[in-house]
Structures are given as C-alpha cells and as structure tokens.
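Enquirer: Sharing a structure here in structure tokens format.
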Amino acid sequence: MTKRLMLMLLVGVLVLPLAGCRGGAGSHRPDPNTLYVGSVQSSFPSAYMPWLSREGIAPTIASMLYDSLFSYDEATGDYLPAIGREWYYVDEDGKPIVTEDGSIDYARLEELYSDPKYDYLAVKVIIHDNITWSDGVPLTVEDVYYSLDLATNHALSNHAGALAWTSDLKHKYNNGVLVERGLFTYERGALEQGYQISPEEKDTVIYLHVDKVLGAVTPLFTSVLILPRHVWEPVVTRENQLNSSAPNAEILHRYTHPVGSGVWVLDTEQSGSQQIVLHRRKDYHLTKEDGSPLIAVDTIKFVLYQEQNVALYALLKGHIDLLDSSVSSNYLLLFEQQEDLFVSNAPGVFTQTLVFNLNPVSSERSPLRDLLANVEFRKAMALAINQEELIKSVLDGAGVPASAGLMRPTLEDFYNSEADSLLPGDYAERLALANSILDGIVPEKDKDGYRLLGGERISFKILGTPREQDVVSFLQIQFKKIGIDVQYAAKGAQPESTYLYTSKFDLTLQGVIFSLSNVDIMYPAHFSTLGRTSNYGRLVNEELNGAIQEMRYTLNLHTKYELLKRIQPMIAQEYYKVPLYTANVISVARTDRFTGYQVVEGATVFNSESLQNLRRVEGR
C-alpha cells in the first residue's frame, strides 16, 4: 500500500464520521473562557513533584505552575524576566560589569576574571519584590537560595538532573556536607564575602559564584524551577528526599497540592487521570506593557487521549480547541479540507541523527560492532544517507537538511558551513565513494548484494520509537545501495537504562539541539563524558574534548564563537552522530472560539506566545 493511499484512507476514516455535523458549534466546550487542550500520551501524572520528569506533559505542567529566574530568548540571546528582574556580572565589590548602554562589558569581564586568583565569576541577581506563592506567602531570595542549594545537595534532592543544572555553580556538597559556598544573601554570608546588601534589598538580591564559563548561568537561570522554601524545607530530609519513589504522607500531599509562583495554579478537585485543570492567577506579577494580564484565558483544561487519531477526531468535531502535540505531515491534506483551523508549520530546532555505538563496553563488543569503530566505515554509511530524499519521503517535505556540524545555519554568528563540505553534494558520487570505501574494508557480498563479515551478512539494528519506523524503513533502502542491512528495533519505555547507557545497541535515533545557550553543558554530555550521558556511543576524541573545554572556559565571546566554528567540522569528521533532517513542528488549533495563535520556532501551537496573544472570537 502506497503512502498516498494510506493518507487518503486516513482522511476518510477521520472525515466520514463528520458528515452532517457542525464541528465548530462549540457545544462540546461549554465554558467560553476555558481553553480545551488535547494531549496525546499514555497517561497523565498523578503527582506534581516540582522538578518533574522530562516525559509527556510533566515538564509542560511544571513550567506553568512554577517559574525559573529568567527565560532565554534564542533569537536575541537575552534573558527575559520571570522571578528575576535583572542580573549582572559583578566585580569583587559587587559592582556591575557593564558598558555605558548597560550591556555586558565582555572586555572588562575577561580582563578582571582572567586573573588566576579568581576561580569563579560573580553574578548578581535582583528579583521582583511583588511576587507571592500561590498560597499567598511572599517569594524572596531565600527561596532562590533554598532551591539552588537543594539542587546541589543530592543527599536531600535525590535528583540527578538538578546536579547537572547546577554543575557550574561553585556551591558544592560532599555526602550532604557543604564544602564550598557559592550562594550569598543578606542572611547568608554576603557581607563576609564583601557584597554590600542593604536591609531594603535583603529580600531581592542574591549573589552567585559560577565557574568561569560564559554559559554557566543559563541552566541556573532557565532550568531550575524555584521552589517554596516554607513548603519543602520542613519535610525534605535524608530519609525523605525531594525526589522520592516512596514519598511519605507529608511529601505526597505536597506532590499532589503544588504551591508555585507561576501564572497558573492547579485545580486539585477537578484534576485527575483523564484531565488536568489549571486556573490563571489574578495576582501574577508580570503583566503586559499596558498593565493588563499577561494571559487572557482564565482556565486551561488538558484532556488525555492515548491515540493521536482519536485526538484529531476530537479536534475536528469540536471537543477541544487545540492539540499540545506535533502531528505527522501526513495530516496536512486533511487540515486543508477543514474550516476553522489554524495550522502551525513551525521551523524545527531538533536535528534527528543516527548514532553509532563505536566504543561499547567490553562485554558488548562484537566483530560487527568493531566495524562501527572504524571511522571510514561510518563515513561510508554517512555517504549513503540522502537527507533530501528522507525529507521528501518521511516528512512530506516538512523539514530541512541538517548540518553535519549539528549547528543550525540560522545561528549565523557561529554556524560553520565548512562542516558540510566534507561530503560530496552529488548523491551518485557519494554512493560511488561509499562503495569504494567499503570494498576496501568488507569486499565480500552475498547473492543479494549485501556485504559479508566472516561469511555472515552485515546487519545492524536501529533503535527507534514506533513513530520512527518510517525513518528506519527509508534508511534500509538507502543502506542497501552500499550493501549494508539495517532493521528496526523498538526502544521500549526506558531505552537509556535498558540499552543506551549499557552499550546494548548497534545504532540509535537521537534528536539533538545545540545553541549558544546550551553548548557548555550539551557538548560535553554528547561528545566527551562517558557513563550515563547523551554520549551513547561512548566517543573518545581528546582533540575534540580539548576544543570543547577551551570553548567552555574562554571569557572572550568572540573567541567562543570562533571555537564553536572550529568544533563543528571536528564533529562532522567523526561521522558519529550523523544528521538525517530537521523536521518542522506541525500542530493545529481551532479558530471558532479563540484567535491569535502564534507560530514559534521549535514549538507547537500551544506555546507561551500563543497564550499571551489569544483572544476570544466575538459572539462565540
């Protein structure tokens, strides 16, 4: 059955039940000020521990109930206010290191902190003075201190992710004992460190010492959701850690009755396994420029769907206003035939890559996997991948080719096109070169044209999700052209622990995203660190590691850009995480009740800009 025929059948399945129905009547969405949002996943969380997992809807709900210090604007490189109002790098007296126009003075920063007597950068954060928690208690820098302090203390948090977020904070615990202080407030050592904080500022000013890495502040500012100290400090202990698989009654109550500082609060009475209901806080401290509420929608009701076709049918029939999930480009034809729909076809930011297990632990080595350790063998497989054909066949054109250096070309300041010059542009030429390379490594073939190793067909399994079977199927066709067989293998529910960290795989599909805001953490995680990291194939390249470290620790922004440009061809030459494509993010919403949806790079139509711009359709 062709893909086109499958699409037409799908359209028929979804549209025929709608004959004679008025899908936009809105009768299924009775509350005019409630935004009904469909979410496709296996289940909704039953508890709302503040530092939630990254699976399903959990991080979305967490970011709505809680706030971080700032948010990051990839387009401008600015940190936008949230709990934090402003921040500065400061000198040893706490004075901001800024130019006349108020921007960071990188030249002075480098001049001052390149002195070996400093093993840190000092950062001053000023928070808003009018924030309250959802239970009415004022939020102060002591909540910020508590959250960052807890994140560094694994004995209390039991949260590996929090350790990663704060890895560049010079505030360290050893088995629950504070061995280095890097957080300073009026009540916690600021004066002793030489930082003058007046009594009037004591609730709004905190100083941080971070590693001499320009990107060190990003995860501290944007990844750590700030927790209410008065809620958690009385109950979190070594015996009852914050992230507990068996919480006691007190902690479980806090999991299920979250107290946050975000723009939304959870309706615990209406929320359950099938729906999550959030209400907008009337007293949220951030507003629009004219003083009106940041968000116009009063209530959001998330509705659970375990199957995407059912969710799409619900959307088309008017049970929900939008889907908080990306959908396949196969559905674009269906959407074109419907009225009252807004389709967001946003540029993607995640690059889908094919990752080689090139350095498995000794117990998982085999003659076949030894082939993957050969960079020339990996190069041959990279040559056989036709990104344009994958985009056309798998994404129906809704995507763009990805750089071999894994940096988006839109990041013009440090994208390096030289990384893409390592492979010929003509596909026929690429196949010829790939076969020539493999003829020198594994020349023997069977009657079907597949290459042999020790008399056995060379065949690799590619780990993927059910939605990625199409990708593997088309890779199967492309790799056959060079005599290599590949087969789909299901990742399962916990692939990292089951297969990836333990080296029990040949190849795997992995989405990656690199930008100025994350390279200081993500480059080491993907290419340097061994163990339980995103370096699944356990790459070891000392030259690359050295360049990454140099990039991390330079205090000269221009030098950082140049090192990023240098690193990209080094990544490409490894043929380790080979790019397949960058897919667009396609999502859809109804326009019969709300309008103002925004297309945001890398996001579905359910995004913060949409929520800030939504308005009711008159008369609906």
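Ordering of the structure tokens sets the chain letters (A, B, ...), residue numbers begin anew at 1 in every chain, and ligands are numbered from 1 in the order given.
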Please report as a tab-separated table every residue of stretch 536-558 of chain A lying within 7 Å of stretch 350-370 of chain A, along with the nearest atom pair and their distance in Å (one decimal), using only C-alpha atoms.

Expert:
residue	atom	partner	partner_atom	distance
A:Tyr536	CA	A:Asn357	CA	6.9
A:Gly537	CA	A:Asn357	CA	3.9
A:Arg538	CA	A:Asn359	CA	5.3
A:Leu539	CA	A:Asn359	CA	6.4

Enquirer: Got time to write the residues from that selection, all heavy atoms, as a short mmCIF file (atom, residue, chain, number, x, y, z; two decimals), in the first residue's frame?

Expert:
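Contents of the output file again_25.cif:
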data_model
loop_
_atom_site.label_atom_id
_atom_site.label_comp_id
_atom_site.auth_asym_id
_atom_site.auth_seq_id
_atom_site.Cartn_x
_atom_site.Cartn_y
_atom_site.Cartn_z
N TYR A 536 26.00 8.34 23.89
CA TYR A 536 25.56 6.94 23.93
C TYR A 536 26.59 5.98 23.34
O TYR A 536 26.79 4.88 23.84
CB TYR A 536 24.24 6.77 23.18
CG TYR A 536 23.08 7.52 23.77
CD1 TYR A 536 22.11 8.10 22.93
CD2 TYR A 536 22.92 7.68 25.14
CE1 TYR A 536 21.03 8.79 23.45
CE2 TYR A 536 21.84 8.38 25.67
CZ TYR A 536 20.91 8.93 24.81
OH TYR A 536 19.84 9.61 25.32
N GLY A 537 27.24 6.40 22.24
CA GLY A 537 28.21 5.52 21.60
C GLY A 537 29.60 5.61 22.18
O GLY A 537 30.53 5.02 21.64
N ARG A 538 29.75 6.41 23.25
CA ARG A 538 31.00 6.50 24.02
C ARG A 538 32.18 6.97 23.17
O ARG A 538 33.25 6.39 23.17
CB ARG A 538 31.30 5.16 24.68
CG ARG A 538 30.29 4.74 25.73
CD ARG A 538 30.45 3.28 26.16
NE ARG A 538 31.81 2.96 26.52
CZ ARG A 538 32.33 3.15 27.74
NH1 ARG A 538 31.58 3.65 28.71
NH2 ARG A 538 33.58 2.85 28.00
N LEU A 539 31.96 8.06 22.45
CA LEU A 539 33.03 8.66 21.66
C LEU A 539 34.16 9.13 22.58
O LEU A 539 33.90 9.72 23.63
CB LEU A 539 32.49 9.85 20.88
CG LEU A 539 33.52 10.69 20.11
CD1 LEU A 539 34.11 9.89 18.95
CD2 LEU A 539 32.90 11.98 19.60
#

Enquirer: Please, which residues of stretch 203-435 of chain A, numbered as in this document, come out alpha helix (DSSP H) from DSSP, as a ChimeraX atom specification?

Expert: /A:217-222,229-232,249-256,308-317,332-336,367-372,375-383,387-394,427-435

Enquirer: Keeping only C-alpha atoms, write the selected residues to a file as an mmCIF file, in the first residue's frame.

Expert:
data_model
loop_
_atom_site.group_PDB
_atom_site.id
_atom_site.type_symbol
_atom_site.label_atom_id
_atom_site.label_comp_id
_atom_site.auth_asym_id
_atom_site.auth_seq_id
_atom_site.Cartn_x
_atom_site.Cartn_y
_atom_site.Cartn_z
ATOM 1 C CA VAL A 217 24.321 30.987 34.196
ATOM 2 C CA THR A 218 21.943 29.567 31.578
ATOM 3 C CA PRO A 219 20.824 26.364 33.337
ATOM 4 C CA LEU A 220 20.814 28.155 36.696
ATOM 5 C CA PHE A 221 18.563 30.848 35.293
ATOM 6 C CA THR A 222 16.325 28.790 32.993
ATOM 7 C CA ARG A 229 11.221 27.082 50.943
ATOM 8 C CA HIS A 230 8.403 27.234 53.507
ATOM 9 C CA VAL A 231 6.703 24.266 51.839
ATOM 10 C CA TRP A 232 9.631 21.918 51.312
ATOM 11 C CA ALA A 249 2.217 11.266 53.558
ATOM 12 C CA GLU A 250 3.554 14.808 54.037
ATOM 13 C CA ILE A 251 5.641 14.811 50.874
ATOM 14 C CA LEU A 252 2.925 13.086 48.863
ATOM 15 C CA HIS A 253 0.481 15.808 49.870
ATOM 16 C CA ARG A 254 2.896 18.423 48.547
ATOM 17 C CA TYR A 255 3.320 16.445 45.321
ATOM 18 C CA THR A 256 -0.437 16.449 44.762
ATOM 19 C CA GLN A 308 -3.462 10.517 18.016
ATOM 20 C CA ASN A 309 -6.229 9.743 15.510
ATOM 21 C CA VAL A 310 -8.807 9.900 18.304
ATOM 22 C CA ALA A 311 -7.386 13.255 19.411
ATOM 23 C CA LEU A 312 -7.532 14.614 15.864
ATOM 24 C CA TYR A 313 -11.119 13.464 15.508
ATOM 25 C CA ALA A 314 -11.963 15.222 18.783
ATOM 26 C CA LEU A 315 -10.340 18.407 17.487
ATOM 27 C CA LEU A 316 -12.187 18.307 14.170
ATOM 28 C CA LYS A 317 -15.524 17.654 15.870
ATOM 29 C CA LEU A 332 -1.671 18.437 6.210
ATOM 30 C CA LEU A 333 -4.019 17.376 3.400
ATOM 31 C CA LEU A 334 -6.723 16.599 5.951
ATOM 32 C CA PHE A 335 -6.343 20.003 7.611
ATOM 33 C CA GLU A 336 -6.610 21.809 4.275
ATOM 34 C CA PRO A 367 33.015 -8.236 15.262
ATOM 35 C CA LEU A 368 30.064 -6.345 13.783
ATOM 36 C CA ARG A 369 30.332 -3.507 16.303
ATOM 37 C CA ASP A 370 34.068 -3.409 15.695
ATOM 38 C CA LEU A 371 33.181 -2.257 12.178
ATOM 39 C CA LEU A 372 31.397 0.742 13.673
ATOM 40 C CA VAL A 375 35.659 5.936 11.085
ATOM 41 C CA GLU A 376 35.935 5.083 7.372
ATOM 42 C CA PHE A 377 33.144 2.521 7.718
ATOM 43 C CA ARG A 378 30.980 5.164 9.436
ATOM 44 C CA LYS A 379 31.842 7.651 6.709
ATOM 45 C CA ALA A 380 30.627 5.208 4.065
ATOM 46 C CA MET A 381 27.294 4.852 5.857
ATOM 47 C CA ALA A 382 27.028 8.635 6.197
ATOM 48 C CA LEU A 383 27.635 8.990 2.469
ATOM 49 C CA GLN A 387 18.689 13.842 3.550
ATOM 50 C CA GLU A 388 16.631 15.363 0.744
ATOM 51 C CA GLU A 389 15.005 12.002 -0.025
ATOM 52 C CA LEU A 390 14.297 11.372 3.658
ATOM 53 C CA ILE A 391 12.664 14.778 3.982
ATOM 54 C CA LYS A 392 10.571 14.186 0.875
ATOM 55 C CA SER A 393 9.538 10.628 1.736
ATOM 56 C CA VAL A 394 9.294 10.653 5.537
ATOM 57 C CA TYR A 427 24.318 11.626 -4.414
ATOM 58 C CA ALA A 428 25.525 9.318 -7.180
ATOM 59 C CA GLU A 429 29.069 10.450 -6.458
ATOM 60 C CA ARG A 430 28.504 9.814 -2.760
ATOM 61 C CA LEU A 431 27.304 6.258 -3.354
ATOM 62 C CA ALA A 432 30.290 5.543 -5.576
ATOM 63 C CA LEU A 433 32.676 6.798 -2.900
ATOM 64 C CA ALA A 434 30.854 4.858 -0.153
ATOM 65 C CA ASN A 435 31.044 1.595 -2.098
#

Enquirer: What is the distance, in Å and to one decimal place, between atom CA of A:Val578 and atom CA of A:Ser528?

Expert: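 According to the coordinates, atom CA of A:Val578 and atom CA of A:Ser528 are separated by 16.7 Å.
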
Enquirer: Using only C-alpha atoms, can you tell me which of A:Asp115, A:Asp73, A:Glu55, A:Asp168 comes closest to A:Gly215?

Expert: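 Of all the options, A:Asp168 lies closest to A:Gly215.
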
Enquirer: I need the residue nearest A:Met64 from this list: A:Ile462, A:Leu611, A:Val210, A:Val442. Use only C-alpha atoms for the distance.

Expert: A:Leu611

Enquirer: Could you name the residues that touch A:Thr132 at 12 Å or less, counting only C-alpha atoms, but leaving out those on the same chain fewer than 6 positions away, as a list in words?

Expert: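 Residues near the query, excluding close chain neighbours: Tyr66, Asp67, Ile83, Pro138, Leu139, Thr140, Asp143, Leu227, Pro228, Val259, Gly260, Ser261, Gly262, Val263, Arg281, Lys282, Asp283, Tyr284, His285 and Leu286 of chain A.
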
Enquirer: Write out as an MDAnalysis selection string all residues of stretch 463-537 of chain A that backbone DSSP assigns to strand (DSSP E).

Expert: chainID A and resid 463:464 485:490 507:512

Enquirer: Please list as a list in words every residue within 12 Å of A:Thr559, counting only C-alpha atoms and excluding residues in the same chain fewer than 3 positions away.

Expert: Tyr106, Ala107, Glu110, Leu214, Asp413, Phe414, Ala547, Glu550, Met551, Arg552, Tyr553, Thr554, Leu555, Asn556, Glu562, Leu563, Leu564, Lys565 and Arg566 of chain A

Enquirer: For each of A:Asp448, A:Ile97, A:Asn416, A:Ala583, take the minimum atom-to-atom distance to A:Tyr561, counting only C-alpha atoms, then give the residue where this is smallest.

Expert: A:Asn416

Enquirer: With a distance cut-off of 6 Å and only C-alpha atoms, select the neighbouring residues of A:Leu463, excluding the residue or stretch itself and same-chain residues fewer than 6 positions from it, and output the selection as a VMD selection string.

Expert: chain A and resid 489 to 491 508

Enquirer: So what do you get for atom CA of A:Ile197 versus atom CA of A:Ala164, distance-wise?

Expert: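 Atom CA of A:Ala164 lies 29.5 Å from atom CA of A:Ile197.
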
Enquirer: Could you give me, as a PDB file with N, CA, C and O atoms, in the first residue's frame, the residues within 10 Å of A:Ile61, counting only C-alpha atoms and dropping anything in the same chain fewer than 6 positions from it?

Expert:
ATOM      1  N   PRO A  45       0.259  12.537  34.752  1.00  0.00           N
ATOM      2  CA  PRO A  45       0.895  12.313  36.061  1.00  0.00           C
ATOM      3  C   PRO A  45      -0.130  12.399  37.183  1.00  0.00           C
ATOM      4  O   PRO A  45      -1.090  13.159  37.111  1.00  0.00           O
ATOM      5  N   TYR A  48       2.619  15.987  41.273  1.00  0.00           N
ATOM      6  CA  TYR A  48       3.234  17.142  40.629  1.00  0.00           C
ATOM      7  C   TYR A  48       4.459  17.588  41.417  1.00  0.00           C
ATOM      8  O   TYR A  48       4.539  18.703  41.915  1.00  0.00           O
ATOM      9  N   PRO A  50       7.789  19.185  41.981  1.00  0.00           N
ATOM     10  CA  PRO A  50       8.213  20.386  41.238  1.00  0.00           C
ATOM     11  C   PRO A  50       9.231  20.134  40.132  1.00  0.00           C
ATOM     12  O   PRO A  50       9.080  20.667  39.035  1.00  0.00           O
ATOM     13  N   LEU A  52       9.838  17.933  37.775  1.00  0.00           N
ATOM     14  CA  LEU A  52       9.213  16.770  37.166  1.00  0.00           C
ATOM     15  C   LEU A  52      10.125  16.125  36.141  1.00  0.00           C
ATOM     16  O   LEU A  52      11.124  16.693  35.712  1.00  0.00           O
ATOM     17  N   TRP A 264      -0.054  29.963  36.589  1.00  0.00           N
ATOM     18  CA  TRP A 264      -1.174  29.043  36.709  1.00  0.00           C
ATOM     19  C   TRP A 264      -1.160  28.317  38.046  1.00  0.00           C
ATOM     20  O   TRP A 264      -0.101  28.101  38.625  1.00  0.00           O
ATOM     21  N   VAL A 265      -2.344  27.940  38.507  1.00  0.00           N
ATOM     22  CA  VAL A 265      -2.476  27.109  39.704  1.00  0.00           C
ATOM     23  C   VAL A 265      -3.303  25.881  39.342  1.00  0.00           C
ATOM     24  O   VAL A 265      -4.191  25.943  38.487  1.00  0.00           O
ATOM     25  N   LEU A 266      -3.008  24.783  40.007  1.00  0.00           N
ATOM     26  CA  LEU A 266      -3.704  23.532  39.744  1.00  0.00           C
ATOM     27  C   LEU A 266      -5.021  23.469  40.506  1.00  0.00           C
ATOM     28  O   LEU A 266      -5.076  23.760  41.698  1.00  0.00           O
ATOM     29  N   ILE A 276      -6.435  17.565  33.399  1.00  0.00           N
ATOM     30  CA  ILE A 276      -5.713  18.452  34.300  1.00  0.00           C
ATOM     31  C   ILE A 276      -6.283  19.848  34.081  1.00  0.00           C
ATOM     32  O   ILE A 276      -6.360  20.329  32.947  1.00  0.00           O
ATOM     33  N   LEU A 278      -6.129  23.903  35.050  1.00  0.00           N
ATOM     34  CA  LEU A 278      -5.329  24.992  35.595  1.00  0.00           C
ATOM     35  C   LEU A 278      -6.108  26.291  35.504  1.00  0.00           C
ATOM     36  O   LEU A 278      -6.794  26.549  34.507  1.00  0.00           O
ATOM     37  N   PHE A 302      -6.643  20.386  30.203  1.00  0.00           N
ATOM     38  CA  PHE A 302      -5.947  19.383  29.394  1.00  0.00           C
ATOM     39  C   PHE A 302      -6.758  18.090  29.416  1.00  0.00           C
ATOM     40  O   PHE A 302      -7.137  17.606  30.489  1.00  0.00           O
TER      41      PHE A 302
END

Enquirer: Which one of A:Ile482, A:Ala190, A:Ala151, A:Tyr523 sits closest to A:Lys172 if you count only C-alpha atoms?

Expert: A:Ala151

Enquirer: Just give me the gap between atom CA of A:Val40 and atom CA of A:Asn330 in Å, one decimal is fine.

Expert: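 Spanning atom CA of A:Val40 to atom CA of A:Asn330 is a straight-line distance of 17.0 Å.
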
Enquirer: For A:Pro116, which residue among A:Val471, A:Pro234, A:Lys212, A:Thr582 is the nearest when counting only C-alpha atoms?

Expert: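 Ranked by minimum distance to A:Pro116, first place goes to A:Lys212.
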